[in-house]
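Next comes model-v2.csv, a file with CSV, C-alpha atoms.
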```csv
chain,number,residue,atom,x,y,z
L,1,MET,CA,-225.5,-235.1,-79.5
L,2,GLU,CA,-222.3,-235.6,-77.5
L,3,GLU,CA,-219.4,-233.5,-78.8
L,4,GLU,CA,-217.1,-236.5,-79.1
L,5,LYS,CA,-219.6,-238.3,-81.3
L,6,LEU,CA,-220.4,-235.2,-83.3
L,7,VAL,CA,-216.7,-234.7,-84.0
L,8,LYS,CA,-216.4,-238.3,-85.1
L,9,ASN,CA,-219.3,-238.0,-87.4
L,10,LEU,CA,-218.1,-234.7,-88.8
L,11,LYS,CA,-214.8,-236.3,-89.6
L,12,GLN,CA,-216.6,-239.0,-91.5
L,13,GLY,CA,-218.3,-236.3,-93.6
L,14,ASP,CA,-221.7,-237.1,-92.1
L,15,ILE,CA,-224.3,-234.6,-93.5
L,16,GLU,CA,-226.6,-234.8,-90.5
L,17,ALA,CA,-223.7,-234.0,-88.2
L,18,ARG,CA,-222.8,-231.0,-90.3
L,19,GLU,CA,-226.4,-229.7,-90.3
L,20,PHE,CA,-226.5,-230.3,-86.5
L,21,LEU,CA,-223.4,-228.3,-86.0
L,22,VAL,CA,-224.5,-225.4,-88.1
L,23,VAL,CA,-228.0,-225.2,-86.6
L,24,HIS,CA,-226.7,-225.2,-83.1
L,25,THR,CA,-223.9,-222.7,-83.5
L,26,GLN,CA,-224.8,-220.3,-86.2
L,27,SER,CA,-226.7,-217.9,-84.0
L,28,TYR,CA,-223.8,-217.5,-81.5
L,29,LEU,CA,-221.2,-217.2,-84.3
L,30,PHE,CA,-223.2,-214.8,-86.4
L,31,ASN,CA,-223.7,-212.4,-83.5
L,32,VAL,CA,-220.1,-212.3,-82.6
L,33,ILE,CA,-219.0,-212.0,-86.2
L,34,PHE,CA,-221.6,-209.3,-86.8
L,35,GLN,CA,-220.5,-207.2,-83.9
L,36,VAL,CA,-216.9,-207.4,-85.0
L,37,VAL,CA,-217.4,-206.7,-88.7
L,38,ARG,CA,-220.7,-204.7,-88.3
L,39,ASP,CA,-222.0,-205.6,-91.7
L,40,ARG,CA,-224.8,-208.1,-92.1
L,41,ALA,CA,-223.9,-209.4,-95.5
L,42,LEU,CA,-220.3,-209.7,-94.7
L,43,ALA,CA,-221.1,-211.4,-91.4
L,44,GLU,CA,-223.2,-213.9,-93.3
L,45,ASP,CA,-220.4,-214.6,-95.8
L,46,ILE,CA,-217.9,-215.1,-92.9
L,47,LEU,CA,-220.4,-217.4,-91.2
L,48,GLU,CA,-220.6,-219.6,-94.2
L,49,GLU,CA,-216.9,-219.5,-94.8
L,50,THR,CA,-216.4,-220.5,-91.2
L,51,PHE,CA,-218.4,-223.7,-91.5
L,52,LEU,CA,-216.9,-224.6,-94.9
L,53,LYS,CA,-213.4,-224.3,-93.4
L,54,ALA,CA,-214.5,-226.2,-90.4
L,55,PHE,CA,-215.8,-229.1,-92.5
L,56,LYS,CA,-212.6,-229.0,-94.6
L,57,TYR,CA,-210.2,-229.0,-91.7
L,58,ILE,CA,-212.2,-231.1,-89.2
L,59,LYS,CA,-209.8,-233.9,-89.5
L,60,SER,CA,-207.1,-231.7,-88.0
L,61,PHE,CA,-209.3,-231.0,-85.0
L,62,LYS,CA,-207.6,-232.9,-82.1
L,63,GLY,CA,-210.2,-232.2,-79.4
L,64,GLU,CA,-207.7,-230.1,-77.4
L,65,SER,CA,-210.4,-227.4,-77.1
L,66,ARG,CA,-214.1,-227.4,-77.4
L,67,LEU,CA,-215.6,-227.5,-80.9
L,68,LEU,CA,-217.3,-224.2,-80.4
L,69,THR,CA,-214.0,-222.6,-79.4
L,70,TRP,CA,-212.4,-224.0,-82.4
L,71,LEU,CA,-215.2,-222.7,-84.6
L,72,TYR,CA,-215.1,-219.3,-82.9
L,73,ARG,CA,-211.4,-219.0,-83.6
L,74,ILE,CA,-211.9,-219.9,-87.3
L,75,ALA,CA,-214.6,-217.3,-87.5
L,76,MET,CA,-212.6,-214.6,-85.8
L,77,ASN,CA,-209.5,-215.3,-88.0
L,78,ILE,CA,-211.7,-214.9,-91.1
L,79,ALA,CA,-213.4,-211.8,-89.7
L,80,LYS,CA,-210.2,-210.1,-88.8
L,81,GLU,CA,-208.7,-210.8,-92.2
L,82,GLU,CA,-211.8,-209.3,-93.7
L,83,LEU,CA,-211.5,-206.2,-91.5
L,84,LYS,CA,-207.9,-205.7,-92.7
L,85,LYS,CA,-209.1,-205.8,-96.3
L,86,GLU,CA,-212.0,-203.4,-95.4
L,87,LYS,CA,-209.6,-201.0,-93.7
L,88,ARG,CA,-207.6,-200.7,-96.8
L,89,VAL,CA,-210.7,-199.9,-98.8
L,90,GLU,CA,-212.2,-197.7,-96.0
L,91,LEU,CA,-209.3,-195.3,-96.2
L,92,THR,CA,-210.7,-193.8,-99.4
L,93,LYS,CA,-214.4,-193.8,-98.2
L,94,ILE,CA,-216.4,-191.3,-96.3
L,95,PRO,CA,-217.6,-192.8,-93.0
L,96,GLN,CA,-221.0,-194.3,-93.3
L,97,ASP,CA,-223.9,-195.0,-91.0
L,98,GLU,CA,-222.1,-198.2,-89.9
L,99,ASN,CA,-224.8,-200.5,-91.4
L,100,ILE,CA,-227.1,-200.2,-88.4
L,101,PRO,CA,-229.4,-203.2,-88.3
L,102,ALA,CA,-233.1,-202.5,-88.9
L,103,GLU,CA,-233.9,-204.1,-85.6
L,104,PHE,CA,-232.1,-201.3,-83.8
L,105,THR,CA,-233.3,-198.3,-85.7
L,106,LEU,CA,-236.6,-198.1,-83.9
L,107,ASP,CA,-235.1,-198.5,-80.5
L,108,GLU,CA,-233.3,-195.4,-79.4
L,109,LYS,CA,-231.3,-197.2,-76.6
L,110,LYS,CA,-230.1,-199.9,-79.0
L,111,LYS,CA,-229.2,-197.3,-81.6
L,112,ILE,CA,-227.1,-195.4,-79.1
L,113,ILE,CA,-225.3,-198.6,-78.0
L,114,TRP,CA,-224.7,-199.6,-81.5
L,115,GLU,CA,-223.2,-196.3,-82.3
L,116,GLY,CA,-221.2,-196.4,-79.1
L,117,LEU,CA,-219.8,-199.8,-80.0
L,118,SER,CA,-218.6,-198.5,-83.3
L,119,HIS,CA,-216.1,-196.4,-81.5
L,120,LEU,CA,-214.6,-199.3,-79.6
L,121,SER,CA,-211.8,-201.5,-80.7
L,122,THR,CA,-212.5,-204.9,-82.2
L,123,GLU,CA,-211.2,-206.5,-79.0
L,124,ASP,CA,-213.6,-204.5,-76.8
L,125,ARG,CA,-216.5,-205.2,-79.1
L,126,GLU,CA,-215.6,-208.9,-79.1
L,127,ILE,CA,-215.6,-209.3,-75.3
L,128,ILE,CA,-218.7,-207.3,-74.8
L,129,THR,CA,-220.5,-209.4,-77.4
L,130,LEU,CA,-219.3,-212.6,-75.8
L,131,ILE,CA,-220.2,-211.6,-72.2
L,132,ASP,CA,-223.1,-209.2,-72.5
L,133,ILE,CA,-224.8,-210.1,-75.8
L,134,GLN,CA,-224.1,-213.9,-75.8
L,135,GLY,CA,-224.1,-214.2,-72.0
L,136,LEU,CA,-221.0,-216.5,-71.8
L,137,PRO,CA,-219.5,-216.9,-68.4
L,138,TYR,CA,-215.9,-215.7,-67.7
L,139,ASP,CA,-214.4,-219.2,-67.8
L,140,ASP,CA,-216.0,-219.9,-71.3
L,141,VAL,CA,-214.7,-216.6,-72.6
L,142,SER,CA,-211.3,-217.3,-71.1
L,143,TYR,CA,-211.4,-220.6,-73.0
L,144,VAL,CA,-212.6,-219.1,-76.2
L,145,LEU,CA,-210.2,-216.2,-76.3
L,146,GLY,CA,-207.3,-218.2,-74.8
L,147,ILE,CA,-206.6,-215.7,-72.1
L,148,PRO,CA,-206.6,-216.1,-68.3
L,149,GLU,CA,-209.9,-215.5,-66.4
L,150,GLY,CA,-208.3,-212.6,-64.6
L,151,THR,CA,-207.6,-210.9,-67.9
L,152,VAL,CA,-211.2,-211.5,-69.0
L,153,LYS,CA,-212.4,-209.6,-65.8
L,154,SER,CA,-210.1,-206.6,-66.4
L,155,ARG,CA,-210.8,-206.5,-70.1
L,156,ILE,CA,-214.6,-206.6,-69.8
L,157,ALA,CA,-214.5,-203.9,-67.1
L,158,ARG,CA,-212.4,-201.7,-69.3
L,159,ALA,CA,-214.5,-202.4,-72.4
L,160,ARG,CA,-217.7,-201.6,-70.6
L,161,ASP,CA,-216.3,-198.4,-69.2
L,162,ARG,CA,-215.3,-197.2,-72.6
L,163,LEU,CA,-218.7,-198.1,-74.0
L,164,ARG,CA,-220.3,-196.2,-71.0
L,165,GLU,CA,-218.3,-193.1,-71.9
L,166,GLU,CA,-219.4,-193.3,-75.5
L,167,ILE,CA,-223.1,-193.7,-74.8
L,168,LEU,CA,-222.9,-191.0,-72.2
L,169,LYS,CA,-222.1,-188.6,-75.0
L,170,ASN,CA,-225.5,-189.5,-76.6
L,171,ASN,CA,-227.4,-189.1,-73.3
L,172,PHE,CA,-228.2,-192.8,-73.1
L,173,PHE,CA,-228.8,-192.8,-69.4
L,174,ASP,CA,-231.2,-189.9,-69.7
L,175,LYS,CA,-233.4,-192.0,-71.9
L,176,ILE,CA,-233.6,-194.7,-69.3
L,177,ASN,CA,-236.5,-194.5,-66.9
L,178,GLY,CA,-235.5,-193.5,-63.4
L,179,THR,CA,-232.5,-191.5,-62.2
L,180,PHE,CA,-229.1,-192.6,-61.2
P,1,MET,CA,-210.7,-201.4,-58.8
P,2,MET,CA,-214.2,-200.1,-58.0
P,3,LYS,CA,-215.3,-200.5,-61.6
P,4,GLU,CA,-213.9,-204.1,-61.9
P,5,LYS,CA,-215.7,-205.1,-58.7
P,6,ILE,CA,-219.0,-203.7,-59.9
P,7,THR,CA,-218.5,-205.4,-63.2
P,8,GLU,CA,-217.9,-208.7,-61.5
P,9,TYR,CA,-220.9,-208.2,-59.3
P,10,ILE,CA,-223.1,-207.5,-62.3
P,11,ASP,CA,-221.8,-210.7,-63.9
P,12,LYS,CA,-222.6,-212.6,-60.7
P,13,ASN,CA,-219.0,-213.4,-60.0
P,14,LEU,CA,-219.1,-211.5,-56.7
P,15,SER,CA,-221.6,-211.9,-53.9
P,16,LYS,CA,-223.8,-209.0,-52.7
P,17,GLU,CA,-221.9,-208.9,-49.4
P,18,GLU,CA,-218.6,-208.3,-51.3
P,19,VAL,CA,-219.9,-205.1,-52.9
P,20,GLU,CA,-222.5,-204.0,-50.4
P,21,GLU,CA,-220.0,-201.8,-48.5
P,22,LEU,CA,-218.7,-200.2,-51.7
P,23,LEU,CA,-222.1,-199.2,-53.0
P,24,LYS,CA,-223.6,-198.2,-49.6
P,25,ASP,CA,-221.5,-195.2,-48.9
P,26,ASN,CA,-220.4,-194.3,-52.4
P,27,PRO,CA,-223.0,-192.6,-54.6
P,28,GLU,CA,-220.6,-192.4,-57.5
P,29,ALA,CA,-220.1,-196.2,-57.4
P,30,LEU,CA,-223.9,-196.7,-57.1
P,31,GLU,CA,-224.5,-194.6,-60.1
P,32,TYR,CA,-221.8,-196.5,-62.0
P,33,TYR,CA,-223.4,-199.7,-61.0
P,34,HIS,CA,-226.8,-198.6,-62.3
P,35,GLN,CA,-225.3,-197.4,-65.5
P,36,ILE,CA,-223.4,-200.6,-66.3
P,37,LEU,CA,-226.5,-202.6,-65.3
P,38,ALA,CA,-228.7,-200.7,-67.7
P,39,MET,CA,-226.2,-200.9,-70.4
P,40,LYS,CA,-225.9,-204.7,-70.0
P,41,GLU,CA,-229.6,-205.1,-70.0
P,42,THR,CA,-229.8,-203.3,-73.3
P,43,LEU,CA,-226.9,-205.3,-74.7
P,44,THR,CA,-228.5,-208.6,-73.7
P,45,ASP,CA,-231.5,-207.7,-75.8
P,46,MET,CA,-229.3,-206.9,-78.8
P,47,GLN,CA,-228.8,-210.4,-80.1
P,48,LEU,CA,-229.7,-210.6,-83.7
P,49,ARG,CA,-231.5,-213.4,-85.3
P,50,SER,CA,-229.0,-215.3,-87.4
P,51,PRO,CA,-229.8,-216.2,-91.0
P,52,ASP,CA,-230.2,-220.0,-91.4
P,53,VAL,CA,-227.2,-221.0,-93.5
P,54,SER,CA,-227.4,-224.7,-92.7
P,55,SER,CA,-228.7,-226.0,-96.0
P,56,LYS,CA,-226.6,-223.6,-98.0
P,57,VAL,CA,-223.4,-224.5,-96.2
P,58,VAL,CA,-224.0,-228.2,-96.2
P,59,GLU,CA,-224.8,-228.1,-100.0
P,60,LYS,CA,-221.7,-226.0,-100.6
P,61,ALA,CA,-219.5,-228.4,-98.6
P,62,ARG,CA,-220.8,-231.3,-100.7
P,63,ARG,CA,-220.0,-229.6,-104.0
P,64,PRO,CA,-216.2,-229.9,-103.9
P,65,PHE,CA,-216.7,-233.5,-103.1
P,66,VAL,CA,-218.9,-234.0,-106.2
P,67,PHE,CA,-216.5,-232.0,-108.3
P,68,ARG,CA,-213.6,-234.0,-107.1
P,69,TYR,CA,-215.1,-237.2,-108.2
P,70,ARG,CA,-216.3,-235.7,-111.4
P,71,TYR,CA,-212.8,-234.6,-112.1
P,72,VAL,CA,-211.4,-238.1,-111.3
P,73,LEU,CA,-214.0,-239.6,-113.7
P,74,VAL,CA,-213.0,-237.2,-116.5
P,75,THR,CA,-209.3,-237.9,-115.9
P,76,ILE,CA,-209.9,-241.6,-116.1
P,77,SER,CA,-212.0,-241.3,-119.3
P,78,VAL,CA,-209.3,-239.1,-121.0
P,79,ALA,CA,-206.6,-241.5,-119.9
P,80,LEU,CA,-208.6,-244.4,-121.4
P,81,ILE,CA,-209.2,-242.7,-124.7
P,82,VAL,CA,-205.5,-241.7,-125.0
P,83,SER,CA,-204.5,-245.4,-124.2
P,84,ILE,CA,-206.9,-246.8,-126.8
P,85,LEU,CA,-205.6,-244.3,-129.4
P,86,PHE,CA,-202.0,-245.1,-128.5
P,87,ILE,CA,-202.6,-248.9,-128.8
P,88,LYS,CA,-204.4,-248.5,-132.1
P,89,ASN,CA,-201.6,-246.3,-133.5
P,90,TYR,CA,-199.0,-248.7,-132.2
P,91,ARG,CA,-200.7,-251.6,-134.0
P,92,GLU,CA,-200.9,-249.7,-137.2
P,93,ASN,CA,-197.2,-248.8,-136.9
P,94,LEU,CA,-196.4,-252.5,-136.5
P,95,ALA,CA,-198.3,-253.3,-139.6
P,96,LEU,CA,-196.5,-250.6,-141.5
P,97,LYS,CA,-193.1,-251.8,-140.4
P,98,GLU,CA,-192.6,-253.5,-143.8
P,99,PRO,CA,-191.7,-250.8,-146.2
P,100,GLU,CA,-194.6,-249.4,-148.1
P,101,VAL,CA,-194.0,-249.4,-151.9
P,102,THR,CA,-196.0,-247.1,-153.9
P,103,LEU,CA,-196.4,-248.7,-157.2
P,104,LYS,CA,-196.6,-246.5,-160.2
P,105,THR,CA,-197.0,-247.4,-163.8
P,106,ALA,CA,-193.9,-246.2,-165.5
P,107,PRO,CA,-194.3,-244.6,-168.9
P,108,VAL,CA,-193.9,-247.0,-171.7
P,109,PRO,CA,-190.7,-246.4,-173.5
P,110,PRO,CA,-190.8,-245.9,-177.3
P,111,GLY,CA,-190.9,-249.3,-178.9
P,112,GLY,CA,-191.0,-250.9,-175.5
P,113,GLU,CA,-193.7,-252.8,-173.8
P,114,SER,CA,-195.7,-252.0,-170.8
P,115,TYR,CA,-193.6,-252.9,-167.8
P,116,MET,CA,-194.4,-253.7,-164.3
P,117,ASP,CA,-192.2,-256.5,-162.9
P,118,ALA,CA,-190.5,-257.5,-159.8
P,119,THR,CA,-187.2,-256.0,-160.8
P,120,GLN,CA,-185.8,-252.5,-160.8
P,121,GLN,CA,-183.0,-253.4,-163.1
P,122,ILE,CA,-182.9,-252.6,-166.8
P,123,ASP,CA,-180.4,-254.2,-169.0
P,124,VAL,CA,-179.0,-252.3,-172.0
P,125,GLU,CA,-176.6,-253.5,-174.6
P,126,ILE,CA,-174.8,-251.0,-176.7
P,127,LYS,CA,-171.8,-251.2,-179.0
P,128,LYS,CA,-168.5,-250.1,-177.4
P,129,SER,CA,-168.0,-247.6,-180.2
P,130,ASP,CA,-171.0,-245.6,-178.9
P,131,GLU,CA,-169.5,-245.3,-175.4
P,132,GLU,CA,-169.1,-241.6,-175.7
P,133,THR,CA,-172.7,-241.0,-176.7
P,134,VAL,CA,-173.8,-243.2,-173.8
P,135,SER,CA,-171.7,-241.4,-171.4
P,136,THR,CA,-173.1,-238.0,-172.4
P,137,VAL,CA,-176.7,-239.3,-171.8
P,138,LEU,CA,-175.8,-240.9,-168.5
P,139,GLU,CA,-174.0,-237.8,-167.1
P,140,GLU,CA,-177.0,-235.7,-167.9
P,141,TYR,CA,-179.7,-237.7,-166.1
P,142,GLY,CA,-178.2,-239.9,-163.4
P,143,ASP,CA,-175.1,-241.2,-161.6
P,144,ILE,CA,-172.6,-243.9,-162.6
P,145,ILE,CA,-172.2,-246.1,-159.6
P,146,LEU,CA,-169.9,-248.8,-160.8
P,147,ILE,CA,-167.8,-249.6,-164.0
P,148,GLU,CA,-166.7,-253.1,-164.5
P,149,GLU,CA,-164.2,-253.9,-167.1
P,150,GLY,CA,-162.9,-257.3,-168.2
P,151,GLU,CA,-163.4,-260.4,-170.4
P,152,ASN,CA,-166.9,-261.1,-171.5
P,153,GLU,CA,-168.3,-264.2,-169.8
P,154,ASP,CA,-171.8,-263.1,-170.1
P,155,SER,CA,-174.4,-265.8,-170.9
P,156,ARG,CA,-175.9,-263.5,-173.4
P,157,HIS,CA,-173.0,-264.3,-175.7
P,158,PRO,CA,-172.6,-267.7,-177.2
P,159,PRO,CA,-170.0,-269.8,-175.2
P,160,GLU,CA,-168.3,-271.0,-178.4
P,161,GLU,CA,-167.3,-267.4,-179.2
P,162,PRO,CA,-163.9,-266.3,-177.8
P,163,PRO,CA,-164.1,-263.9,-174.8
P,164,LYS,CA,-164.3,-260.3,-175.7
P,165,PRO,CA,-163.3,-257.2,-173.7
P,166,THR,CA,-166.4,-255.8,-172.0
P,167,LYS,CA,-167.3,-252.8,-170.1
P,168,ILE,CA,-170.4,-252.8,-167.8
P,169,ILE,CA,-171.7,-249.6,-166.4
P,170,HIS,CA,-174.0,-249.7,-163.4
P,171,TYR,CA,-176.0,-246.6,-163.7
P,172,SER,CA,-178.6,-245.1,-161.2
P,173,ILE,CA,-181.3,-242.7,-162.2
P,174,LYS,CA,-184.3,-241.2,-160.6
P,175,PRO,CA,-187.6,-242.8,-161.7
P,176,GLU,CA,-188.9,-239.6,-163.3
P,177,ASN,CA,-185.9,-239.7,-165.7
P,178,ILE,CA,-186.3,-243.2,-166.9
P,179,GLN,CA,-188.4,-242.3,-169.9
P,180,LYS,CA,-185.9,-239.7,-171.1
P,181,VAL,CA,-182.9,-241.9,-170.6
P,182,MET,CA,-184.6,-244.8,-172.4
P,183,GLU,CA,-185.5,-242.6,-175.3
P,184,GLU,CA,-181.9,-241.3,-175.6
P,185,LEU,CA,-180.4,-244.8,-175.4
P,186,GLN,CA,-182.8,-246.2,-177.9
P,187,LYS,CA,-181.8,-243.5,-180.4
P,188,ILE,CA,-178.3,-245.2,-180.5
P,189,GLU,CA,-178.2,-247.5,-183.4
P,190,GLY,CA,-178.1,-251.2,-182.5
P,191,ALA,CA,-178.9,-250.5,-178.9
P,192,LYS,CA,-180.7,-253.4,-177.3
P,193,VAL,CA,-182.8,-252.6,-174.3
P,194,THR,CA,-184.3,-255.4,-172.2
P,195,PHE,CA,-187.2,-254.2,-170.3
P,196,PRO,CA,-188.9,-256.3,-167.7
P,197,GLU,CA,-192.6,-256.7,-168.4
P,198,HIS,CA,-193.5,-254.6,-165.5
P,199,LEU,CA,-191.2,-252.2,-163.7
P,200,PRO,CA,-192.1,-251.5,-160.1
P,201,TYR,CA,-190.5,-248.6,-158.4
P,202,SER,CA,-191.2,-246.3,-155.6
P,203,SER,CA,-191.2,-242.6,-156.3
P,204,GLU,CA,-188.3,-242.3,-153.8
P,205,GLU,CA,-186.1,-245.1,-155.0
P,206,ARG,CA,-183.6,-244.9,-157.8
P,207,ILE,CA,-183.6,-247.4,-160.7
P,208,GLU,CA,-180.5,-249.2,-161.7
P,209,ILE,CA,-179.6,-249.6,-165.4
P,210,ILE,CA,-176.9,-252.0,-166.4
P,211,ILE,CA,-175.3,-251.0,-169.6
P,212,ASN,CA,-173.2,-253.5,-171.3
P,213,LEU,CA,-170.8,-252.0,-173.8
P,214,PHE,CA,-169.8,-254.8,-176.1
P,215,GLU,CA,-167.3,-255.1,-178.9
P,216,LYS,CA,-168.9,-255.7,-182.2
```
Encoded form using structure tokens:
Amino acid sequence: MEEEKLVKNLKQGDIEAREFLVVHTQSYLFNVIFQVVRDRALAEDILEETFLKAFKYIKSFKGESRLLTWLYRIAMNIAKEELKKEKRVELTKIPQDENIPAEFTLDEKKKIIWEGLSHLSTEDREIITLIDIQGLPYDDVSYVLGIPEGTVKSRIARARDRLREEILKNNFFDKINGTF
Amino acid sequence: MMKEKITEYIDKNLSKEEVEELLKDNPEALEYYHQILAMKETLTDMQLRSPDVSSKVVEKARRPFVFRYRYVLVTISVALIVSILFIKNYRENLALKEPEVTLKTAPVPPGGESYMDATQQIDVEIKKSDEETVSTVLEEYGDIILIEEGENEDSRHPPEEPPKPTKIIHYSIKPENIQKVMEELQKIEGAKVTFPEHLPYSSEERIEIIINLFEK
């Protein structure tokens, strides 16, 4: 479905258009949200909230950005608000096992990367998720984050470098076949 | 700079030729390249399967819509009921605009008859010499509202008789005192009390007694 037509139908409250939007964007949004908040249940709640907000405010969408970018920004705003709340609560908590997903527990490499990511800032995790996990090209990321492409390049390089340092501590590269 | 170039190369934003020189004579750069590449390969495989929230979200999005209309329906219903009640009440009030008179059967005075008539006035004739006794009774149970003094032209006296000085007292009492006042007045010798057949009065209105004190 063309984006323009999709937006038009969404503005009319068309149920099929809503379903279409959710089905085609939920995976991308969930992964980004999840890597930012690192809690599956919370990520799912934020994902739902993102779509509900999108449906509610779709009439204010002027088409100045792509629909996905708009959704992404809604999702990130909610996620960052949630993180602020979480931080306030976390201050009184003992650090936990960071809610490691079951899919990663059996894979040592993924487990190390997951743990390494937890030491990165939200912004670093965000850009790594967009480029490395979601596979978005720089221009899309520039569009989504609203930053110049040059900044995307330098930011991803820095984020990867930090992650590399973190996973080095857990001998990630020793566990990979071959030598460097 | 080296790290950025390697990163860009891994992301296919630089050609092989552009980094070939850098990697060829620089084992550190080559190692870095392999490390970032391995890291990226693992990351690429770290996409989680998203829960399907489509039906849940679409249903939730519909609910406020349904609630909104339900709310409108309830509001209209309440407004309708209130309007009906208001109109009904207004009509009843219109019907009640004429003063409601609660009719009660007044007690029958001693020697008197049962009275319920369209007047609230009782005429009493008493001799002038009993004025003092009358005044004592009147002061105890009610209020004197007017005293008329003059020549008697009352139709109750025969026209052939010469006019006599008269005194008429307009007296007001509360309904509950009527029996007592009547009893007291009738005790006076020669007192003549004219009761209407029926005496209507409301419990809130006062009754007027006109006492005609005449010369014997």
Give me, as a ChimeraX atom specification, the residues of chain L touching chain P, with the criterion being at most 7 Å (counting only C-alpha atoms).
/L:15,18-19,22-23,26-27,30-31,48,51-52,110,132-133,153-154,157,173,180
Leaving out Tyr72 in chain L and any residue of its chain fewer than 4 positions from it, which residues lie within 8 Å of it when counting all atoms listed in the file, given as a ChimeraX atom specification?
/L:29,68,76,144
Restricting to all atoms listed in the file, whichever of P:Val74, P:Val19, P:Ile207, P:Ile188 is closest to Asp143 in chain P is P:Ile207
Between P:Ala191, P:Ile173, P:Ile10, P:Leu37, single out the one closest to Asp130 in chain P, counting all atoms listed in the file.
P:Ala191
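Note that CA of Ala75 in chain L and CA of Glu3 in chain L are 19.0 Å apart.
Using all atoms listed in the file, the set of residues no farther than 7 Å from the position (-181.8, -253.5, -166.0) comprises Gln120, Gln121, Ile122, Asp123, Val124, Thr194, Phe195, Glu208, Ile209 and Ile210 of chain P.
We find CA of Ile131 in chain L and CA of Arg164 in chain L to be spaced 15.4 Å apart.
A straight line drawn from CA of Arg162 in chain L to CA of Asp124 in chain L is 8.6 Å long.
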